[in-house]
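What follows is the content of protein-v6.csv, which has CSV, C-alpha atoms and all ligand atoms:
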```
chain,number,residue,atom,x,y,z
B,1,MET,CA,-13.3,-3.3,7.1
B,2,SER,CA,-11.4,-4.3,10.3
B,3,GLN,CA,-12.7,-2.4,13.3
B,4,ALA,CA,-9.6,-3.4,15.5
B,5,ARG,CA,-7.4,-0.7,16.8
B,6,LEU,CA,-4.3,-0.2,14.7
B,7,THR,CA,-1.1,0.6,16.6
B,8,LEU,CA,1.9,1.9,14.7
B,9,PRO,CA,5.3,3.5,15.6
B,10,ALA,CA,6.5,7.0,14.7
B,11,PRO,CA,10.3,6.8,14.8
B,12,ALA,CA,12.8,9.6,15.3
B,13,LYS,CA,15.2,10.7,12.7
B,14,LEU,CA,18.8,12.1,12.8
B,15,ASN,CA,20.4,14.4,10.4
B,16,LEU,CA,23.8,12.9,10.0
B,17,MET,CA,25.0,16.1,8.2
B,18,LEU,CA,23.2,19.2,7.1
B,19,HIS,CA,24.4,21.8,4.6
B,20,ILE,CA,22.4,24.9,3.7
B,21,THR,CA,23.1,25.7,0.1
B,22,GLY,CA,20.7,28.6,-0.6
B,23,ARG,CA,17.4,30.3,0.1
B,24,ARG,CA,14.3,30.2,-2.1
B,25,ALA,CA,12.2,33.3,-3.0
B,26,ASP,CA,9.6,32.0,-0.5
B,27,GLY,CA,12.1,32.1,2.4
B,28,TYR,CA,12.5,28.3,2.7
B,29,HIS,CA,16.1,27.1,2.7
B,30,GLU,CA,17.7,24.7,0.3
B,31,LEU,CA,19.5,21.9,2.1
B,32,GLN,CA,21.6,18.9,1.6
B,33,THR,CA,21.1,16.5,4.4
B,34,LEU,CA,21.4,12.8,5.3
B,35,PHE,CA,18.4,11.3,7.1
B,36,GLN,CA,18.6,8.1,9.1
B,37,PHE,CA,15.9,6.7,11.4
B,38,LEU,CA,16.2,5.5,15.0
B,39,ASP,CA,14.5,2.4,16.4
B,40,TYR,CA,13.0,4.7,19.0
B,41,GLY,CA,9.9,6.9,18.8
B,42,ASP,CA,6.3,7.7,19.6
B,43,GLU,CA,3.4,5.3,19.2
B,44,LEU,CA,0.0,6.1,17.7
B,45,SER,CA,-3.2,4.0,17.8
B,46,PHE,CA,-6.1,4.4,15.4
B,47,ALA,CA,-9.7,3.2,15.5
B,48,PRO,CA,-12.2,4.1,12.8
B,49,ARG,CA,-15.3,6.1,13.5
B,50,GLU,CA,-18.5,5.8,11.4
B,51,ASP,CA,-19.5,9.5,12.1
B,52,GLY,CA,-16.7,11.0,10.1
B,53,GLU,CA,-15.2,12.9,13.2
B,54,ILE,CA,-11.5,13.1,13.6
B,55,ARG,CA,-10.6,13.0,17.3
B,56,LEU,CA,-7.2,13.1,18.9
B,57,GLN,CA,-7.9,11.5,22.3
B,58,THR,CA,-4.6,12.5,23.9
B,59,GLU,CA,-3.6,16.0,25.2
B,60,VAL,CA,-0.1,17.1,24.1
B,61,ALA,CA,1.3,19.8,26.3
B,62,ASN,CA,1.4,23.2,24.6
B,63,VAL,CA,0.0,21.9,21.3
B,64,PRO,CA,-3.6,22.8,20.7
B,65,HIS,CA,-5.5,20.0,18.8
B,66,ASP,CA,-6.0,22.2,15.8
B,67,SER,CA,-2.2,22.8,15.5
B,68,ASN,CA,-1.3,19.2,16.1
B,69,LEU,CA,0.3,17.7,13.0
B,70,ILE,CA,-1.6,14.4,13.7
B,71,VAL,CA,-4.9,16.2,13.4
B,72,LYS,CA,-3.8,18.3,10.4
B,73,ALA,CA,-2.6,15.2,8.6
B,74,ALA,CA,-5.9,13.3,9.3
B,75,ARG,CA,-8.0,16.2,8.2
B,76,ALA,CA,-6.0,16.8,5.0
B,77,LEU,CA,-6.2,13.1,4.0
B,78,LYS,CA,-9.9,13.0,4.7
B,79,ALA,CA,-10.6,16.2,2.7
B,80,GLN,CA,-8.4,15.1,-0.3
B,81,SER,CA,-9.6,11.5,-0.4
B,82,GLY,CA,-13.3,12.2,0.3
B,83,CYS,CA,-13.4,9.4,2.8
B,84,PRO,CA,-16.6,9.4,4.8
B,85,LEU,CA,-15.0,7.7,7.8
B,86,GLY,CA,-13.5,9.4,10.8
B,87,VAL,CA,-11.0,8.2,13.4
B,88,ASP,CA,-10.1,8.2,17.1
B,89,ILE,CA,-6.3,8.6,17.6
B,90,TRP,CA,-4.3,8.0,20.8
B,91,LEU,CA,-0.7,9.2,21.1
B,92,LYS,CA,2.1,7.8,23.3
B,93,LYS,CA,4.5,10.8,23.2
B,94,ILE,CA,8.1,9.7,23.8
B,95,LEU,CA,10.1,12.0,21.6
B,96,PRO,CA,11.1,15.4,22.9
B,97,MET,CA,9.5,18.3,21.1
B,98,GLY,CA,11.7,20.8,19.3
B,99,GLY,CA,14.6,18.4,19.5
B,100,GLY,CA,15.4,18.1,15.8
B,101,ILE,CA,14.5,14.4,15.8
B,102,GLY,CA,11.3,15.0,13.9
B,103,GLY,CA,8.6,13.8,16.3
B,104,GLY,CA,5.8,16.0,14.9
B,105,SER,CA,6.7,15.2,11.3
B,106,SER,CA,7.0,11.5,12.1
B,107,ASP,CA,3.6,11.5,13.9
B,108,ALA,CA,2.1,13.2,10.8
B,109,ALA,CA,3.6,10.5,8.5
B,110,THR,CA,2.4,7.7,10.7
B,111,THR,CA,-1.1,9.2,10.6
B,112,LEU,CA,-1.1,9.4,6.8
B,113,LEU,CA,0.1,5.8,6.4
B,114,GLY,CA,-2.0,4.5,9.2
B,115,LEU,CA,-5.2,6.1,7.9
B,116,ASN,CA,-4.4,5.1,4.3
B,117,HIS,CA,-4.4,1.5,5.7
B,118,LEU,CA,-7.4,1.8,8.1
B,119,TRP,CA,-9.6,3.7,5.6
B,120,GLU,CA,-8.5,1.4,2.8
B,121,LEU,CA,-7.7,4.4,0.5
B,122,GLY,CA,-5.1,2.7,-1.6
B,123,TRP,CA,-3.0,5.9,-2.0
B,124,ASP,CA,0.5,5.2,-3.3
B,125,GLU,CA,3.6,6.6,-1.5
B,126,ASP,CA,4.1,9.4,-4.0
B,127,ARG,CA,0.7,10.9,-3.3
B,128,LEU,CA,1.1,10.5,0.5
B,129,ALA,CA,4.6,12.1,0.4
B,130,ALA,CA,3.2,15.1,-1.7
B,131,LEU,CA,0.5,15.6,0.8
B,132,GLY,CA,3.0,15.2,3.7
B,133,LEU,CA,5.2,18.0,2.2
B,134,THR,CA,2.3,20.4,2.6
B,135,LEU,CA,2.4,19.6,6.4
B,136,GLY,CA,6.2,20.0,6.8
B,137,ALA,CA,9.5,19.7,5.0
B,138,ASP,CA,10.5,16.6,7.0
B,139,VAL,CA,7.3,14.6,6.5
B,140,PRO,CA,8.1,13.0,3.1
B,141,VAL,CA,11.2,11.1,4.4
B,142,PHE,CA,9.0,9.5,7.1
B,143,VAL,CA,6.4,8.6,4.5
B,144,ARG,CA,9.0,6.9,2.3
B,145,GLY,CA,10.6,5.1,5.3
B,146,HIS,CA,14.1,4.7,3.8
B,147,ALA,CA,17.3,6.5,4.9
B,148,ALA,CA,17.9,9.2,2.4
B,149,PHE,CA,20.1,12.0,1.1
B,150,ALA,CA,17.8,14.9,0.8
B,151,GLU,CA,17.9,18.0,-1.3
B,152,GLY,CA,15.5,20.8,-2.2
B,153,ILE,CA,13.9,21.8,1.1
B,154,GLY,CA,14.2,18.2,2.2
B,155,GLU,CA,11.8,16.6,-0.3
B,156,LEU,CA,14.0,15.4,-3.1
B,157,LEU,CA,15.1,12.1,-1.7
B,158,THR,CA,17.7,9.6,-2.8
B,159,PRO,CA,17.7,6.4,-0.8
B,160,VAL,CA,21.0,5.5,0.9
B,161,ASP,CA,22.3,2.8,3.2
B,162,PRO,CA,24.8,4.2,5.7
B,163,GLU,CA,26.1,2.1,8.5
B,164,GLU,CA,23.6,1.5,11.3
B,165,PRO,CA,25.5,2.1,14.5
B,166,TRP,CA,24.1,2.5,18.0
B,167,TYR,CA,23.6,6.2,19.0
B,168,LEU,CA,23.6,8.0,22.3
B,169,VAL,CA,21.3,10.9,21.9
B,170,LEU,CA,21.5,13.7,24.5
B,171,VAL,CA,18.4,15.8,25.0
B,172,PRO,CA,19.2,19.3,26.3
B,173,GLN,CA,16.1,20.6,28.2
B,174,VAL,CA,15.4,23.4,25.6
B,175,SER,CA,13.0,23.4,22.7
B,176,VAL,CA,14.5,24.9,19.6
B,177,SER,CA,12.1,26.6,17.1
B,178,THR,CA,13.2,25.6,13.5
B,179,ALA,CA,11.8,28.9,12.1
B,180,GLU,CA,13.8,30.9,14.6
B,181,ILE,CA,17.1,29.3,13.6
B,182,PHE,CA,16.3,29.6,9.9
B,183,SER,CA,15.6,33.3,10.3
B,184,ASP,CA,18.9,34.1,12.1
B,185,PRO,CA,20.9,36.6,10.1
B,186,LEU,CA,24.1,34.8,11.1
B,187,LEU,CA,23.1,31.5,9.6
B,188,THR,CA,25.5,30.1,6.9
B,189,ARG,CA,23.4,29.9,3.7
B,190,ASP,CA,26.0,29.6,1.0
B,191,THR,CA,27.7,26.2,1.4
B,192,PRO,CA,28.6,25.0,-2.1
B,193,PRO,CA,26.3,22.0,-3.0
B,194,ILE,CA,28.0,18.6,-3.0
B,195,LYS,CA,27.9,17.4,-6.5
B,196,VAL,CA,29.6,14.0,-6.2
B,197,ARG,CA,27.6,10.8,-5.5
B,198,PRO,CA,27.7,9.0,-3.2
B,199,VAL,CA,28.5,11.9,-0.9
B,200,PRO,CA,32.1,11.6,0.1
B,201,LYS,CA,32.9,10.8,3.7
B,202,GLY,CA,34.0,13.8,5.8
B,203,ASN,CA,30.9,15.9,5.0
B,204,SER,CA,29.5,15.6,8.5
B,205,ARG,CA,29.0,19.3,9.3
B,206,ASN,CA,25.7,20.8,10.4
B,207,ASP,CA,25.5,24.4,9.2
B,208,CYS,CA,23.0,25.2,12.0
B,209,LEU,CA,25.4,24.4,14.8
B,210,PRO,CA,27.1,27.9,15.3
B,211,VAL,CA,23.7,29.7,15.5
B,212,VAL,CA,22.1,27.1,17.7
B,213,THR,CA,25.0,26.9,20.2
B,214,ARG,CA,25.1,30.7,20.4
B,215,ARG,CA,21.4,30.9,21.2
B,216,TYR,CA,21.3,27.8,23.4
B,217,PRO,CA,24.5,27.3,25.6
B,218,ASP,CA,23.0,24.1,27.0
B,219,VAL,CA,23.4,22.5,23.5
B,220,GLY,CA,27.0,23.6,23.3
B,221,ASN,CA,27.5,22.1,26.7
B,222,ALA,CA,26.0,18.7,25.7
B,223,LEU,CA,28.2,18.7,22.5
B,224,ASN,CA,31.4,19.3,24.6
B,225,LEU,CA,30.5,16.6,27.1
B,226,LEU,CA,29.7,14.0,24.4
B,227,GLY,CA,32.7,15.1,22.4
B,228,LYS,CA,35.0,13.7,25.1
B,229,PHE,CA,34.0,10.2,24.0
B,230,THR,CA,33.1,10.4,20.3
B,231,GLU,CA,32.4,12.8,17.4
B,232,ALA,CA,29.4,14.8,18.8
B,233,LYS,CA,26.9,16.2,16.3
B,234,LEU,CA,23.8,18.3,16.2
B,235,THR,CA,20.6,16.9,14.5
B,236,GLY,CA,18.5,19.3,12.4
B,237,THR,CA,18.2,22.6,14.2
B,238,GLY,CA,18.6,20.9,17.5
B,239,SER,CA,18.3,20.7,20.4
B,240,CYS,CA,19.4,17.1,20.4
B,241,VAL,CA,23.0,16.1,20.0
B,242,PHE,CA,24.2,12.6,19.2
B,243,GLY,CA,27.3,10.3,18.8
B,244,ALA,CA,27.7,6.9,17.2
B,245,PHE,CA,29.1,3.8,18.9
B,246,PRO,CA,29.9,0.4,17.4
B,247,SER,CA,27.8,-1.5,20.1
B,248,LYS,CA,25.0,-1.0,22.4
B,249,ALA,CA,27.3,-1.8,25.4
B,250,GLU,CA,29.6,1.1,24.5
B,251,ALA,CA,26.8,3.5,24.0
B,252,ASP,CA,25.2,2.4,27.3
B,253,LYS,CA,28.6,2.9,29.1
B,254,VAL,CA,28.9,6.5,28.0
B,255,SER,CA,25.2,7.1,28.6
B,256,ALA,CA,25.6,5.9,32.2
B,257,LEU,CA,28.4,8.5,32.7
B,258,LEU,CA,26.6,11.5,31.0
B,259,THR,CA,23.0,10.9,32.0
B,260,GLU,CA,23.8,11.6,35.6
B,261,THR,CA,23.6,15.2,34.7
B,262,LEU,CA,21.9,15.2,31.2
B,263,THR,CA,18.8,13.5,29.8
B,264,GLY,CA,19.4,11.1,26.9
B,265,PHE,CA,18.7,7.7,25.4
B,266,VAL,CA,20.4,5.0,23.4
B,267,ALA,CA,18.9,3.7,20.1
B,268,LYS,CA,20.0,1.8,17.0
B,269,GLY,CA,20.2,3.6,13.6
B,270,ALA,CA,17.9,2.1,11.0
B,271,ASN,CA,17.8,2.5,7.3
B,272,ILE,CA,14.3,1.1,7.0
B,273,SER,CA,12.0,2.9,9.4
B,274,MET,CA,10.3,0.7,12.1
B,275,LEU,CA,6.9,2.1,10.8
B,276,HIS,CA,7.5,0.5,7.4
B,277,ARG,CA,8.8,-2.8,9.0
B,278,LYS,CA,5.5,-2.9,11.0
B,279,LEU,CA,3.3,-2.1,8.0
B,280,GLN,CA,5.0,-4.9,6.0
B,281,THR,CA,3.8,-7.4,8.6
B,282,LEU,CA,0.2,-6.2,8.1
B,283,LEU,CA,0.1,-6.8,4.3
C,1,LIG,C1,15.9,21.5,9.7
C,1,LIG,C2,15.2,20.2,9.6
C,1,LIG,C3,16.2,19.2,9.0
C,1,LIG,O1,15.7,17.9,9.1
C,1,LIG,O2,14.7,19.6,10.8
C,1,LIG,P1,14.2,19.9,12.3
C,1,LIG,O3,15.4,20.4,13.1
C,1,LIG,O4,13.1,20.9,12.3
C,1,LIG,O5,13.7,18.6,12.8
C,1,LIG,C4,14.0,20.3,8.7
C,1,LIG,O6,14.3,20.6,7.3
C,1,LIG,C5,12.8,21.2,9.1
C,1,LIG,O7,11.7,20.5,8.7
C,1,LIG,P2,10.3,20.8,9.4
C,1,LIG,O8,10.5,20.8,10.9
C,1,LIG,O9,9.3,19.9,8.8
C,1,LIG,O10,10.0,22.3,9.0
C,1,LIG,P3,8.7,23.1,8.6
C,1,LIG,O11,7.7,22.9,9.6
C,1,LIG,O12,8.4,22.8,7.1
C,1,LIG,O13,9.3,24.6,8.6
C,1,LIG,C6,9.4,25.3,9.8
C,1,LIG,C7,10.0,26.7,9.4
C,1,LIG,O14,11.4,26.5,9.2
C,1,LIG,C8,11.9,27.2,8.1
C,1,LIG,N1,12.5,26.2,7.1
C,1,LIG,C9,12.2,24.9,7.2
C,1,LIG,C10,12.7,24.0,6.3
C,1,LIG,C11,13.6,24.5,5.3
C,1,LIG,N2,14.2,23.7,4.4
C,1,LIG,N3,13.8,25.9,5.2
C,1,LIG,C12,13.3,26.7,6.1
C,1,LIG,O15,13.5,27.9,6.0
C,1,LIG,C13,10.7,28.0,7.6
C,1,LIG,O16,10.8,29.2,8.2
C,1,LIG,C14,9.5,27.2,8.1
C,1,LIG,O17,8.4,28.1,8.4
C,2,LIG,N1,2.3,15.6,17.1
C,2,LIG,C1,3.2,16.6,17.4
C,2,LIG,N2,4.3,16.2,18.1
C,2,LIG,C2,5.2,17.2,18.4
C,2,LIG,N3,5.2,18.4,18.1
C,2,LIG,C3,4.1,18.8,17.3
C,2,LIG,C4,3.1,17.9,17.0
C,2,LIG,N4,2.2,18.6,16.3
C,2,LIG,C5,2.6,19.8,16.2
C,2,LIG,N5,3.8,20.0,16.9
C,2,LIG,C6,4.6,21.3,17.0
C,2,LIG,O1,5.8,21.2,16.2
C,2,LIG,C7,6.9,21.7,16.9
C,2,LIG,C8,8.2,20.9,16.5
C,2,LIG,O2,8.0,19.6,16.9
C,2,LIG,P1,9.0,18.4,16.6
C,2,LIG,O3,8.7,17.8,15.3
C,2,LIG,O4,8.9,17.6,17.8
C,2,LIG,O5,10.4,19.1,16.6
C,2,LIG,P2,11.6,19.1,15.5
C,2,LIG,O6,11.0,19.7,14.2
C,2,LIG,O7,12.6,20.0,16.1
C,2,LIG,O8,12.1,17.8,15.3
C,2,LIG,C9,6.5,21.5,18.4
C,2,LIG,O9,7.1,22.4,19.2
C,2,LIG,C10,5.0,21.7,18.4
C,2,LIG,O10,4.6,23.0,18.6
```

Could I get this structure in the form of structure tokens?
Ligand SMILES: C[C@@](CO)(OP(=O)(O)O)[C@H](O)COP(=O)(O)OP(=O)(O)OC[C@H]1O[C@@H](n2ccc(N)nc2=O)[C@H](O)[C@@H]1O
Ligand SMILES: Nc1ncnc2c1ncn2[C@@H]1O[C@H](COP(=O)(O)OP(=O)(O)O)[C@@H](O)[C@H]1O
Amino acid sequence: MSQARLTLPAPAKLNLMLHITGRRADGYHELQTLFQFLDYGDELSFAPREDGEIRLQTEVANVPHDSNLIVKAARALKAQSGCPLGVDIWLKKILPMGGGIGGGSSDAATTLLGLNHLWELGWDEDRLAALGLTLGADVPVFVRGHAAFAEGIGELLTPVDPEEPWYLVLVPQVSVSTAEIFSDPLLTRDTPPIKVRPVPKGNSRNDCLPVVTRRYPDVGNALNLLGKFTEAKLTGTGSCVFGAFPSKAEADKVSALLTETLTGFVAKGANISMLHRKLQTLL
């Protein structure tokens, strides 16, 4: 076994549209959503430990280690695989938390794939995605690593290949709780499911938007400002909003104007996640 430290990216995702089509008996919502990755994200490093301990060596503000999805993912994989090894993990946290760009879920997926490699478990993607789903509805798409149209609670994935524009992502300085938005009585929960495949253009609405902007005026403000330049959309349950541009130069130009007053970043859309591109180079 290689003892070298393994460093892997954990990319962000965007929800290019998000319809809520129903609610299951367990309270989870049925969605139709289009996931695309960004070439922008956190970075995790892993080094095996012979004593079986799982240690996250980086503090994450306001997230106790036991609640960190990285630790939960590592513990679950160790328990289910029976692997005797442990791991030291370091996290370079770049992605805003509660931003709807999936940082925690992506960190969990990178942990599952990284440890599968480091511990030489040989689990296939189906098994890793099923374990990922027990950690969060968004984890499976990061495990699969391909842009996807998602149904169910986000786990029934059909790979798709939308255009890969440059995006300007604005990050309002509020953290939105997904559970809070999904429990709002005013949330639209009865959008008729789209039955046609591929999903026709023009279905770019996010059903969470009215509830999120009502609760978080800063998000509405960011949408209005970006909307002066391009179609401005909300990702997931927010708080981040984004707009597409045909080139980096154009995204940078608008970024320069808006980030005087707002935080944001420019990144390229990617249909194959940078985690999977990196893992390919290790095989
Ligand atoms: C809405 C989406 C869209 O991509 O993204 P985010 O804005 O969180 O990134 C996701 O489906 C979120 O996935 P994820 O963030 O993994 O959610 P989870 O941890 O599984 O769930 C948090 C809480 O949200 C609610 N929840 C989540 C997903 C879903 N399909 N229906 C729900 O009702 C549940 O109350 C759950 O307890
Ligand atoms: N490794 C992690 N990175 C970020 N958040 C985490 C992590 N582990 C657990 N969390 C918890 O998950 C919540 C949602 O995080 P995140 O995935 O960044 O947002 P979102 O689901 O809106 O995209 C955080 O507020 C935090 O409490």

Exercise for the section: Please measure the separation of CA of Met97 in chain B and CA of Tyr40 in chain B, giving the value in Å to one decimal. Expected result: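 Spanning CA of Met97 in chain B to CA of Tyr40 in chain B is a straight-line distance of 14.2 Å.
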
Exercise for the section: Rounded to one decimal place, report the CA of Met17 in chain B-CA of Arg205 in chain B distance in Å. Expected result: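 Distance between the two atoms: 5.2 Å.
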
Handout entry: From B:Gly132, B:Pro11, B:Pro185, B:Pro217, residue lying nearest Pro172 in chain B [all atoms listed in the file]
Key = B:Pro217

Problem - Best match for closeness to ligand LIG 1 (chain C) among B:Asp107, B:Glu30, B:Glu43, B:Glu53, counting only C-alpha atoms and all ligand atoms - result: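 Using only C-alpha atoms and all ligand atoms, the shortest distance to ligand LIG 1 (chain C) belongs to B:Glu30.
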
Practice task
Tell me which of B:Val139, B:Val212, B:Gly52, B:Glu151 sits closest to Trp119 in chain B, counting all atoms listed in the file.
Solution key: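 Among the listed residues, the smallest separation from Trp119 in chain B belongs to B:Gly52.
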
Problem - Gap from atom O5 of ligand LIG 1 (chain C) to CA of Leu16 in chain B - Å, one decimal - result: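 CA of Leu16 in chain B lies at a distance of 11.9 Å from atom O5 of ligand LIG 1 (chain C).
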
Handout entry: 12 Å contact set for Leu14 in chain B, all atoms listed in the file, chain neighbours under 4 positions out, as a ChimeraX atom specification
Key = /B:18,33-41,99-103,106,138,141-142,147-149,164,167-169,206,233-244,267-271,273

Practice task
Write out as a list of chain:residue names which residues come within 9 Å of Leu121 in chain B when counting only C-alpha atoms, dropping same-chain ones fewer than 3 positions away.
Solution key: B:Ser81, B:Cys83, B:Leu115, B:Asn116, B:His117, B:Leu118

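For the choices B:Gly136, B:Pro48, B:Gly22, B:Pro162, the atom-to-atom distance to Lys72 in chain B is smallest for B:Gly136 when using all atoms listed in the file.
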
Using all atoms listed in the file, find each residue in range 12-96 of chain B having at least one atom no more than 9 Å away from range 188-199 of chain B; report its shortest atom-to-atom pair and that distance in Å (one decimal), rows by chain then rising number, as a tab-separated table.
```
residue	atom	partner	partner_atom	distance
B:His19	CA	B:Thr191	CA	6.4
B:Ile20	CA	B:Arg189	CA	5.1
B:Thr21	CA	B:Thr191	CA	4.8
B:Gly22	CA	B:Arg189	CA	5.2
B:Arg23	CA	B:Arg189	CA	7.0
B:His29	CA	B:Arg189	CA	7.9
B:Glu30	CA	B:Arg189	CA	8.4
B:Leu31	CA	B:Pro193	CA	8.5
B:Gln32	CA	B:Pro193	CA	7.3
```

Exercise for the section: Go through B:Leu257, B:Ala12, B:Val211, B:Ala251 and flag the residue nearest ligand LIG 1 (chain C), using only C-alpha atoms and all ligand atoms for the distances. Expected result: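 Ranked by minimum distance to ligand LIG 1 (chain C), first place goes to B:Ala12.
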